[in-house]
>>> print(open('input.tsv').read())   # TSV, C-alpha atoms and all ligand atoms
chain	number	residue	atom	x	y	z
A	1	MET	CA	78.04	140.55	146.36
A	2	GLU	CA	78.08	143.96	144.74
A	3	ILE	CA	80.27	146.34	142.76
A	4	LEU	CA	80.34	150.11	143.34
A	5	THR	CA	81.62	152.24	140.46
A	6	GLN	CA	83.14	155.68	141.07
A	7	PRO	CA	85.35	158.22	139.29
A	8	PHE	CA	89.03	157.79	140.15
A	9	GLY	CA	90.45	161.10	139.04
A	10	VAL	CA	89.82	162.81	135.72
A	11	GLN	CA	89.83	159.87	133.33
A	12	ALA	CA	89.92	156.73	135.44
A	13	THR	CA	87.22	154.72	137.20
A	14	SER	CA	87.39	152.63	140.34
A	15	TYR	CA	85.36	149.49	140.98
A	16	THR	CA	84.83	148.35	144.54
A	17	LEU	CA	83.98	144.67	144.84
A	18	ILE	CA	82.24	143.87	148.13
A	19	ASN	CA	81.44	140.37	149.35
A	20	ASP	CA	78.85	139.25	151.89
A	21	HIS	CA	81.44	139.35	154.71
A	22	GLY	CA	82.21	143.03	154.14
A	23	VAL	CA	85.55	142.52	152.41
A	24	ALA	CA	86.06	145.38	149.93
A	25	LEU	CA	88.52	145.15	147.01
A	26	SER	CA	88.94	148.31	144.93
A	27	VAL	CA	90.55	148.24	141.51
A	28	THR	CA	90.98	150.78	138.73
A	29	ASP	CA	91.22	150.68	134.96
A	30	PHE	CA	94.34	152.89	135.18
A	31	GLY	CA	97.00	150.16	135.12
A	32	ALA	CA	94.50	147.35	135.85
A	33	ARG	CA	95.48	147.98	139.45
A	34	ILE	CA	94.45	147.11	142.97
A	35	VAL	CA	94.05	150.34	144.95
A	36	SER	CA	92.56	149.09	148.21
A	37	LEU	CA	91.72	145.88	150.07
A	38	ARG	CA	89.78	146.35	153.31
A	39	VAL	CA	88.64	143.76	155.82
A	40	PRO	CA	86.27	144.26	158.75
A	41	LEU	CA	87.96	143.46	162.06
A	42	ALA	CA	86.38	143.64	165.51
A	43	THR	CA	88.59	146.71	166.04
A	44	GLY	CA	87.26	148.37	162.85
A	45	GLU	CA	87.99	148.21	159.13
A	46	ARG	CA	91.64	147.64	158.17
A	47	GLU	CA	93.39	148.51	154.88
A	48	LEU	CA	95.77	145.75	153.79
A	49	VAL	CA	97.50	147.24	150.73
A	50	LEU	CA	99.32	150.41	149.72
A	51	GLY	CA	97.51	152.78	147.38
A	52	PHE	CA	96.38	156.28	146.50
A	53	ASP	CA	93.02	157.92	145.85
A	54	SER	CA	93.20	158.88	142.14
A	55	ALA	CA	94.97	157.98	138.91
A	56	GLU	CA	96.73	161.35	139.00
A	57	GLU	CA	98.24	160.58	142.40
A	58	TYR	CA	99.72	157.34	141.01
A	59	GLN	CA	101.06	159.29	138.01
A	60	GLN	CA	102.74	161.81	140.29
A	61	LYS	CA	103.98	159.46	143.00
A	62	ASP	CA	104.51	155.84	141.90
A	63	THR	CA	102.78	154.07	139.04
A	64	PHE	CA	103.95	150.54	139.97
A	65	ILE	CA	102.07	150.33	143.27
A	66	GLY	CA	99.30	147.73	142.91
A	67	ALA	CA	99.53	147.70	139.12
A	68	THR	CA	99.59	145.04	136.46
A	69	ILE	CA	103.19	145.00	135.22
A	70	GLY	CA	104.04	143.94	131.68
A	71	ARG	CA	104.67	142.76	129.18
A	72	VAL	CA	107.73	141.65	131.17
A	73	ALA	CA	108.03	142.29	134.89
A	74	GLY	CA	111.48	142.85	136.38
A	75	ARG	CA	114.71	143.69	134.61
A	76	ILE	CA	115.80	142.85	131.07
A	77	ALA	CA	119.60	143.10	130.94
A	78	GLY	CA	120.97	145.47	128.33
A	79	ALA	CA	117.42	146.41	127.29
A	80	HIS	CA	117.40	143.94	124.43
A	81	TRP	CA	116.43	140.42	123.38
A	82	ALA	CA	117.84	138.47	120.48
A	83	HIS	CA	115.42	135.98	118.98
A	84	ASP	CA	115.38	134.18	115.63
A	85	GLY	CA	118.11	136.41	114.26
A	86	VAL	CA	116.40	139.66	115.26
A	87	ASP	CA	117.64	141.95	118.01
A	88	TYR	CA	114.74	143.67	119.74
A	89	GLN	CA	115.58	146.91	121.53
A	90	PHE	CA	113.61	148.08	124.54
A	91	GLU	CA	113.74	151.24	126.62
A	92	ALA	CA	116.64	151.46	129.07
A	93	ASN	CA	114.81	153.08	132.00
A	94	GLU	CA	117.11	151.91	134.81
A	95	ASN	CA	120.86	151.97	134.27
A	96	ASP	CA	121.32	150.21	130.90
A	97	ASN	CA	118.44	147.86	131.56
A	98	THR	CA	114.70	147.75	131.10
A	99	LEU	CA	112.66	147.77	134.31
A	100	HIS	CA	109.01	146.65	134.19
A	101	SER	CA	108.95	146.98	130.35
A	102	GLY	CA	109.90	150.65	130.04
A	103	VAL	CA	108.62	154.07	131.03
A	104	ILE	CA	105.02	153.50	129.92
A	105	GLY	CA	104.21	149.90	130.73
A	106	PHE	CA	100.91	148.15	131.43
A	107	ASP	CA	100.83	150.08	134.73
A	108	GLN	CA	100.15	153.34	132.88
A	109	ARG	CA	97.67	152.15	130.29
A	110	TYR	CA	93.94	152.55	130.51
A	111	TRP	CA	92.28	149.14	130.33
A	112	GLN	CA	88.73	148.32	129.19
A	113	ALA	CA	86.74	147.21	132.22
A	114	ALA	CA	83.86	144.75	132.38
A	115	PRO	CA	82.36	144.38	135.88
A	116	GLN	CA	80.35	141.21	136.57
A	117	VAL	CA	78.55	139.90	139.65
A	118	THR	CA	77.61	136.24	140.16
A	119	ALA	CA	76.12	134.41	143.14
A	120	THR	CA	79.57	133.54	144.50
A	121	GLU	CA	81.87	136.32	143.35
A	122	ALA	CA	82.24	139.86	142.06
A	123	ARG	CA	84.82	140.44	139.36
A	124	VAL	CA	86.18	142.94	136.87
A	125	VAL	CA	87.75	141.79	133.63
A	126	PHE	CA	90.33	144.30	132.38
A	127	ALA	CA	91.27	144.02	128.71
A	128	TYR	CA	94.12	145.65	126.83
A	129	VAL	CA	95.59	145.20	123.36
A	130	SER	CA	99.33	145.77	123.34
A	131	GLU	CA	100.16	146.62	119.74
A	132	ASP	CA	102.99	145.10	117.72
A	133	GLY	CA	106.14	147.07	118.56
A	134	GLU	CA	104.83	148.59	121.79
A	135	ASN	CA	107.83	149.36	124.02
A	136	GLY	CA	109.92	147.52	121.40
A	137	PHE	CA	108.24	144.13	121.85
A	138	PRO	CA	107.18	142.15	118.77
A	139	GLY	CA	103.66	140.89	118.17
A	140	GLN	CA	100.21	142.13	118.99
A	141	VAL	CA	99.26	140.75	122.40
A	142	THR	CA	95.70	140.74	123.67
A	143	VAL	CA	95.64	140.63	127.46
A	144	ASN	CA	92.88	140.02	130.00
A	145	VAL	CA	93.49	140.52	133.71
A	146	THR	CA	90.59	139.50	135.94
A	147	TYR	CA	90.24	140.58	139.55
A	148	ALA	CA	87.70	138.46	141.41
A	149	LEU	CA	86.60	138.67	145.02
A	150	ALA	CA	84.83	135.50	146.10
A	151	ASN	CA	82.51	134.98	149.01
A	152	ASP	CA	85.03	132.68	150.71
A	153	ASN	CA	87.31	135.75	151.10
A	154	VAL	CA	89.62	134.82	148.26
A	155	TRP	CA	91.00	137.52	145.98
A	156	ARG	CA	91.85	135.79	142.71
A	157	LEU	CA	93.89	137.26	139.88
A	158	THR	CA	93.79	135.63	136.46
A	159	TYR	CA	96.01	136.61	133.54
A	160	GLU	CA	95.24	135.46	130.01
A	161	ALA	CA	97.01	136.50	126.83
A	162	VAL	CA	97.33	135.58	123.19
A	163	THR	CA	99.88	136.79	120.67
A	164	ASP	CA	100.09	136.72	116.88
A	165	THR	CA	103.91	136.46	116.84
A	166	PRO	CA	106.43	134.93	119.29
A	167	THR	CA	107.22	137.49	121.97
A	168	LEU	CA	108.31	137.79	125.59
A	169	PHE	CA	105.56	137.69	128.19
A	170	ASN	CA	106.05	137.56	131.97
A	171	PRO	CA	103.55	139.82	133.70
A	172	THR	CA	102.88	140.25	137.40
A	173	ASN	CA	100.89	142.30	139.85
A	174	HIS	CA	102.81	144.77	142.00
A	175	VAL	CA	100.60	144.71	145.10
A	176	TYR	CA	102.29	145.83	148.32
A	177	PHE	CA	100.82	144.48	151.53
A	178	ASN	CA	101.10	146.22	154.86
A	179	LEU	CA	98.86	144.26	157.19
A	180	THR	CA	99.12	146.85	159.99
A	181	GLY	CA	96.94	149.19	157.93
A	182	ASP	CA	99.52	151.98	158.21
A	183	PRO	CA	102.17	152.54	155.49
A	184	SER	CA	104.35	154.49	157.91
A	185	GLN	CA	104.90	151.25	159.86
A	186	SER	CA	107.63	148.91	158.71
A	187	VAL	CA	106.64	145.41	157.62
A	188	ALA	CA	109.59	144.05	159.64
A	189	ALA	CA	107.37	142.42	162.27
A	190	HIS	CA	105.20	140.60	159.71
A	191	GLN	CA	105.73	136.84	159.72
A	192	LEU	CA	106.50	135.45	156.27
A	193	LYS	CA	106.48	131.86	155.07
A	194	ILE	CA	107.47	130.79	151.54
A	195	ALA	CA	107.42	127.26	150.13
A	196	ALA	CA	110.73	127.67	148.33
A	197	ASP	CA	113.88	125.55	148.63
A	198	THR	CA	115.77	127.89	146.31
A	199	PHE	CA	115.99	131.54	145.34
A	200	ALA	CA	117.73	133.58	142.64
A	201	PRO	CA	120.56	135.78	143.95
A	202	ILE	CA	120.88	139.34	142.69
A	203	GLY	CA	124.07	140.60	141.08
A	204	ASP	CA	125.24	143.83	139.54
A	205	LYS	CA	122.56	146.49	139.02
A	206	ASN	CA	119.91	144.30	140.63
A	207	LEU	CA	120.02	141.79	137.78
A	208	THR	CA	119.63	138.07	138.33
A	209	THR	CA	122.77	136.10	137.50
A	210	GLY	CA	121.49	132.74	136.31
A	211	GLU	CA	122.29	131.16	139.65
A	212	ILE	CA	119.70	129.18	141.60
A	213	ARG	CA	120.81	128.92	145.22
A	214	SER	CA	119.55	126.76	148.06
A	215	VAL	CA	117.90	128.65	150.91
A	216	ALA	CA	119.16	126.07	153.42
A	217	GLY	CA	121.30	127.68	156.09
A	218	THR	CA	120.70	131.20	154.72
A	219	SER	CA	118.53	134.15	155.71
A	220	PHE	CA	116.39	133.27	152.67
A	221	ASP	CA	115.00	130.19	154.37
A	222	PHE	CA	111.32	131.03	154.90
A	223	ARG	CA	110.14	127.41	154.80
A	224	ALA	CA	109.13	127.96	158.40
A	225	ALA	CA	107.52	131.32	159.16
A	226	LYS	CA	109.83	134.05	160.50
A	227	PRO	CA	109.82	137.85	160.68
A	228	VAL	CA	110.56	139.80	157.51
A	229	GLY	CA	112.85	141.95	159.67
A	230	THR	CA	115.42	139.16	159.84
A	231	THR	CA	116.38	140.07	156.26
A	232	ILE	CA	116.30	143.82	156.90
A	233	GLU	CA	118.72	143.44	159.81
A	234	SER	CA	120.87	140.82	158.08
A	235	THR	CA	124.47	141.63	157.18
A	236	ASP	CA	124.34	139.15	154.26
A	237	ASP	CA	125.64	140.90	151.14
A	238	GLN	CA	122.50	139.84	149.23
A	239	HIS	CA	120.32	141.96	151.53
A	240	GLN	CA	122.73	144.87	151.73
A	241	ARG	CA	123.01	145.20	147.96
A	242	VAL	CA	119.25	145.63	147.49
A	243	GLY	CA	119.02	148.37	150.14
A	244	HIS	CA	118.44	146.06	153.15
A	245	GLY	CA	115.66	143.51	152.98
A	246	LEU	CA	114.42	141.46	150.07
A	247	ASP	CA	114.22	142.15	146.35
A	248	HIS	CA	114.54	138.53	145.27
A	249	PRO	CA	112.78	135.83	143.29
A	250	PHE	CA	111.92	132.64	145.18
A	251	LEU	CA	111.32	129.47	143.11
A	252	LEU	CA	108.09	127.99	144.40
A	253	GLN	CA	107.40	124.36	145.19
A	254	ASP	CA	104.30	122.61	143.98
A	255	THR	CA	102.40	122.33	147.26
A	256	GLN	CA	99.37	120.52	145.81
A	257	GLY	CA	97.07	123.41	146.61
A	258	ALA	CA	98.47	124.30	150.05
A	259	PRO	CA	99.61	127.94	150.41
A	260	GLN	CA	102.95	128.73	148.77
A	261	ALA	CA	103.40	131.96	150.70
A	262	GLU	CA	101.84	133.29	153.87
A	263	LEU	CA	101.98	136.68	155.49
A	264	LEU	CA	100.78	137.32	159.03
A	265	SER	CA	100.20	140.74	160.61
A	266	PRO	CA	102.27	141.63	163.71
A	267	ASP	CA	99.12	141.53	165.89
A	268	GLY	CA	98.14	138.15	164.45
A	269	LEU	CA	94.70	139.42	163.33
A	270	VAL	CA	95.19	139.13	159.55
A	271	ARG	CA	96.70	136.35	157.47
A	272	VAL	CA	97.14	136.35	153.68
A	273	ALA	CA	97.79	132.95	152.08
A	274	MET	CA	98.94	132.87	148.47
A	275	THR	CA	98.79	130.09	145.90
A	276	THR	CA	99.76	130.50	142.28
A	277	THR	CA	100.33	128.67	139.03
A	278	ALA	CA	103.39	130.89	138.44
A	279	PRO	CA	106.80	129.28	139.02
A	280	ALA	CA	108.19	132.03	141.27
A	281	VAL	CA	107.40	134.96	143.50
A	282	VAL	CA	109.47	138.15	143.67
A	283	VAL	CA	109.43	139.51	147.20
A	284	PHE	CA	110.34	143.19	147.52
A	285	THR	CA	110.27	144.80	150.95
A	286	GLY	CA	110.00	148.43	149.80
A	287	ASN	CA	113.71	149.13	150.24
A	288	PHE	CA	113.32	152.81	149.43
A	289	GLY	CA	115.95	155.28	150.73
A	290	THR	CA	116.47	155.74	154.46
A	291	ASP	CA	114.83	159.17	154.53
A	292	PHE	CA	112.10	158.19	152.08
A	293	THR	CA	108.62	159.51	152.82
A	294	LEU	CA	105.68	159.71	150.43
A	295	PRO	CA	102.27	161.03	151.46
A	296	MET	CA	99.79	158.17	151.22
A	297	ARG	CA	96.16	158.43	152.31
A	298	GLN	CA	96.17	159.83	155.86
A	299	SER	CA	99.73	158.70	156.49
A	300	GLN	CA	103.23	158.63	154.99
A	301	LEU	CA	104.75	155.69	153.18
A	302	LYS	CA	108.18	155.03	154.67
A	303	LYS	CA	111.07	152.69	153.87
A	304	HIS	CA	109.95	149.06	154.34
A	305	GLY	CA	106.32	150.23	154.46
A	306	GLY	CA	105.11	147.43	152.18
A	307	ILE	CA	105.96	143.94	150.96
A	308	THR	CA	105.16	142.58	147.51
A	309	LEU	CA	104.35	139.04	146.47
A	310	GLU	CA	104.87	139.35	142.71
A	311	THR	CA	104.03	136.02	141.09
A	312	GLN	CA	105.79	135.48	137.77
A	313	ALA	CA	108.69	133.57	136.22
A	314	VAL	CA	112.14	134.52	137.56
A	315	PRO	CA	113.31	137.75	135.91
A	316	GLY	CA	116.08	137.10	133.41
A	317	ALA	CA	114.37	134.02	131.93
A	318	GLU	CA	114.94	135.48	128.46
A	319	ARG	CA	118.69	134.95	129.07
A	320	PHE	CA	118.77	131.98	131.43
A	321	ALA	CA	116.89	128.82	130.36
A	322	GLN	CA	117.10	127.47	133.91
A	323	TYR	CA	114.60	130.18	134.96
A	324	GLY	CA	111.96	128.84	132.57
A	325	ASP	CA	110.53	129.87	129.24
A	326	ILE	CA	108.75	133.23	128.91
A	327	VAL	CA	108.42	133.21	125.13
A	328	LEU	CA	104.72	133.43	124.30
A	329	THR	CA	103.76	131.89	120.98
A	330	PRO	CA	100.55	131.95	118.93
A	331	ALA	CA	100.16	128.19	119.52
A	332	SER	CA	99.98	128.33	123.32
A	333	PRO	CA	98.04	131.13	125.01
A	334	TYR	CA	99.22	132.40	128.40
A	335	GLN	CA	97.35	131.75	131.61
A	336	GLN	CA	98.35	132.40	135.20
A	337	VAL	CA	96.16	132.26	138.28
A	338	THR	CA	97.14	133.64	141.69
A	339	GLU	CA	94.92	133.50	144.75
A	340	PHE	CA	95.20	135.42	148.00
A	341	LYS	CA	93.04	133.93	150.76
A	342	LEU	CA	92.28	136.37	153.53
A	343	ASP	CA	91.82	135.13	157.08
A	344	PHE	CA	90.85	137.64	159.73
B	401	LIG	C1	110.23	145.56	142.01
B	401	LIG	C2	111.69	145.50	141.74
B	401	LIG	C3	112.34	146.51	142.66
B	401	LIG	C4	111.79	147.89	142.42
B	401	LIG	C5	110.27	147.85	142.46
B	401	LIG	C6	109.65	149.14	142.01
B	401	LIG	O1	109.56	144.60	141.25
B	401	LIG	O2	112.18	144.20	141.98
B	401	LIG	O3	113.73	146.50	142.48
B	401	LIG	O4	112.23	148.37	141.18
B	401	LIG	O5	109.78	146.84	141.65
B	401	LIG	O6	109.73	150.12	142.98
>>> encode(input="input.tsv", output="structure tokens")
Amino acid sequence: MEILTQPFGVQATSYTLINDHGVALSVTDFGARIVSLRVPLATGERELVLGFDSAEEYQQKDTFIGATIGRVAGRIAGAHWAHDGVDYQFEANENDNTLHSGVIGFDQRYWQAAPQVTATEARVVFAYVSEDGENGFPGQVTVNVTYALANDNVWRLTYEAVTDTPTLFNPTNHVYFNLTGDPSQSVAAHQLKIAADTFAPIGDKNLTTGEIRSVAGTSFDFRAAKPVGTTIESTDDQHQRVGHGLDHPFLLQDTQGAPQAELLSPDGLVRVAMTTTAPAVVVFTGNFGTDFTLPMRQSQLKKHGGITLETQAVPGAERFAQYGDIVLTPASPYQQVTEFKLDF
């Protein structure tokens, strides 16, 4: 197990965690972000996630890719939250709503990094203090996000936070997988399995509506593995309205430790199995515009060139109690653990 430290642009640093099987996970303090995840295959090394080569490139191209998102991931309707007689105003950075907590969210902050190597894993603890009033949110929140790569080929993400005042807290990680290794290839032929009997439909302006709908008999039924492309090609209004594909929260079952989501590469050589303590996963299939291209590494990111597994509570929980409680209070610190087991 080892950690290699390198500059990642002018101000940022990257940490590459390498286990004894040659799996390499690179993260940066700019946005407490995953920038690369490489596995050694018989055919050569393969990159499993989207990413760029410096903090500046993320700033210029897309700061959500691979980042820690917070304090609240997803959309807050009307960019406000009424609590205990106070109306908190946030930044409206998409239509009239707040997306991923505003223009400068956790994804654009520089985090304190503490790399650590043990006998069984390499990890980096990223720490950030979000001050009272930051992006309009009440309370000072102290956040730790730990990226660990274990010798059993598990990438584990741990979120911990404490607040001094009740506030909203529903972070996630915005990793995009493309298990072909090439962001110009669509993820349509990836097989996806999700242990979810229900999902949250999307309404006007990509907001959740409060509804929880059964997946049975719909294109959202991933309880048995099927290609992601079935949603991209679907004529279901739910897929059309998000730009073809998925941009939806799935409410996860408690599987007693068995994977809650699985992604398999088209050639069958790489499998990612996810388990989480979070109640839901938002799956977004990179439904960028039809002519979208973005230079990425030696290739071009295209529409449907990545798929996210964003573990969190269902967006909109601040309005809809049926989506859970995302109010963080001083009495009960936040913890969420998500694991991605890599088989190759
Ligand atoms: C996702 C969100 C998408 C899109 C994306 C950022 O979490 O659900 O609608 O905004 O982030 O490109």
>>> residues_around(input="input.tsv", residues="Tyr147 in chain A", least_positions_apart="2", cutoff="8 Å", atoms="only C-alpha atoms", output="ChimeraX atom specification")
/A:27,123-125,145,149,155-158
>>> atom_distance(input="input.tsv", atom1="CA of Lys61 in chain A", atom2="CA of Tyr176 in chain A")
14.7 Å
>>> closest_atom_pairs(input="input.tsv", of="chain A", to="ligand LIG 401 (chain B)", cutoff="9 Å", atoms="all atoms listed in the file", output="JSON lines")
{"residue": "A:Asp62", "atom": "CA", "partner": "B:LIG401", "partner_atom": "O6", "distance": 7.8}
{"residue": "A:Thr63", "atom": "CA", "partner": "B:LIG401", "partner_atom": "O6", "distance": 8.9}
{"residue": "A:Phe64", "atom": "CA", "partner": "B:LIG401", "partner_atom": "C6", "distance": 6.2}
{"residue": "A:Ile65", "atom": "CA", "partner": "B:LIG401", "partner_atom": "O6", "distance": 7.7}
{"residue": "A:Ile69", "atom": "CA", "partner": "B:LIG401", "partner_atom": "O1", "distance": 8.8}
{"residue": "A:Ala73", "atom": "CA", "partner": "B:LIG401", "partner_atom": "O1", "distance": 6.9}
{"residue": "A:Gly74", "atom": "CA", "partner": "B:LIG401", "partner_atom": "O1", "distance": 5.5}
{"residue": "A:Arg75", "atom": "CA", "partner": "B:LIG401", "partner_atom": "O2", "distance": 7.8}
{"residue": "A:Glu94", "atom": "CA", "partner": "B:LIG401", "partner_atom": "O4", "distance": 8.8}
{"residue": "A:Leu99", "atom": "CA", "partner": "B:LIG401", "partner_atom": "O4", "distance": 6.9}
{"residue": "A:His100", "atom": "CA", "partner": "B:LIG401", "partner_atom": "O1", "distance": 7.4}
{"residue": "A:Thr172", "atom": "CA", "partner": "B:LIG401", "partner_atom": "O1", "distance": 8.9}
{"residue": "A:His174", "atom": "CA", "partner": "B:LIG401", "partner_atom": "O1", "distance": 6.8}
{"residue": "A:Asn206", "atom": "CA", "partner": "B:LIG401", "partner_atom": "O3", "distance": 6.8}
{"residue": "A:Val242", "atom": "CA", "partner": "B:LIG401", "partner_atom": "O3", "distance": 7.5}
{"residue": "A:Leu246", "atom": "CA", "partner": "B:LIG401", "partner_atom": "O2", "distance": 8.8}
{"residue": "A:Asp247", "atom": "CA", "partner": "B:LIG401", "partner_atom": "O2", "distance": 5.2}
{"residue": "A:His248", "atom": "CA", "partner": "B:LIG401", "partner_atom": "O2", "distance": 7.0}
{"residue": "A:Pro249", "atom": "CA", "partner": "B:LIG401", "partner_atom": "O2", "distance": 8.5}
{"residue": "A:Val282", "atom": "CA", "partner": "B:LIG401", "partner_atom": "O2", "distance": 6.8}
{"residue": "A:Val283", "atom": "CA", "partner": "B:LIG401", "partner_atom": "O2", "distance": 7.5}
{"residue": "A:Phe284", "atom": "CA", "partner": "B:LIG401", "partner_atom": "O2", "distance": 5.9}
{"residue": "A:Thr285", "atom": "CA", "partner": "B:LIG401", "partner_atom": "C3", "distance": 8.7}
{"residue": "A:Gly286", "atom": "CA", "partner": "B:LIG401", "partner_atom": "O6", "distance": 7.0}
{"residue": "A:Asn287", "atom": "CA", "partner": "B:LIG401", "partner_atom": "C3", "distance": 8.1}
{"residue": "A:Phe288", "atom": "CA", "partner": "B:LIG401", "partner_atom": "O6", "distance": 7.9}
{"residue": "A:Thr308", "atom": "CA", "partner": "B:LIG401", "partner_atom": "O1", "distance": 7.9}
{"residue": "A:Glu310", "atom": "CA", "partner": "B:LIG401", "partner_atom": "O1", "distance": 7.2}
{"residue": "A:Pro315", "atom": "CA", "partner": "B:LIG401", "partner_atom": "O2", "distance": 8.9}
>>> residues_around(input="input.tsv", residues="Pro201 in chain A", least_positions_apart="2", cutoff="12 Å", atoms="only C-alpha atoms", output="VMD selection string")
chain A and resid 198 to 199 203 to 215 218 220 236 to 239 241 to 242 246 to 251 282 314 to 316
>>> residues_around(input="input.tsv", residues="range 47-58 of chain A", least_positions_apart="6", cutoff="8 Å", atoms="all atoms listed in the file", output="short mmCIF file (atom, residue, chain, number, x, y, z; two decimals) with C-alpha atoms, in the coordinates of the input")
data_model
loop_
_atom_site.label_atom_id
_atom_site.label_comp_id
_atom_site.auth_asym_id
_atom_site.auth_seq_id
_atom_site.Cartn_x
_atom_site.Cartn_y
_atom_site.Cartn_z
CA PHE A 8 89.03 157.79 140.15
CA GLY A 9 90.45 161.10 139.04
CA VAL A 10 89.82 162.81 135.72
CA GLN A 11 89.83 159.87 133.33
CA ALA A 12 89.92 156.73 135.44
CA PHE A 30 94.34 152.89 135.18
CA ILE A 34 94.45 147.11 142.97
CA VAL A 35 94.05 150.34 144.95
CA SER A 36 92.56 149.09 148.21
CA LEU A 37 91.72 145.88 150.07
CA ARG A 38 89.78 146.35 153.31
CA VAL A 39 88.64 143.76 155.82
CA ILE A 65 102.07 150.33 143.27
CA GLY A 66 99.30 147.73 142.91
CA VAL A 175 100.60 144.71 145.10
CA TYR A 176 102.29 145.83 148.32
CA PHE A 177 100.82 144.48 151.53
CA ASN A 178 101.10 146.22 154.86
CA LEU A 179 98.86 144.26 157.19
CA THR A 180 99.12 146.85 159.99
CA GLY A 181 96.94 149.19 157.93
CA ASP A 182 99.52 151.98 158.21
CA PRO A 183 102.17 152.54 155.49
CA MET A 296 99.79 158.17 151.22
CA ARG A 297 96.16 158.43 152.31
CA GLY A 306 105.11 147.43 152.18
#
>>> atom_distance(input="input.tsv", atom1="CA of Arg109 in chain A", atom2="CA of Ser184 in chain A")
28.5 Å
>>> residues_around(input="input.tsv", residues="Glu134 in chain A", least_positions_apart="2", cutoff="10 Å", atoms="only C-alpha atoms", output="JSON, numbers by chain")
{"A": [71, 90, 101, 102, 104, 105, 129, 130, 131, 132, 136, 137, 138, 139, 140, 141]}
>>> closest_residue(input="input.tsv", among="A:Gly257, A:Pro171, A:Pro7, A:Pro266", to="Pro227 in chain A", atoms="only C-alpha atoms")
A:Pro266
>>> closest_residue(input="input.tsv", among="A:Thr311, A:Val228, A:Val187, A:Ala42", to="Glu339 in chain A", atoms="all atoms listed in the file")
A:Thr311
>>> closest_residue(input="input.tsv", among="A:Arg46, A:His83, A:His244, A:Arg271", to="Lys303 in chain A", atoms="only C-alpha atoms")
A:His244
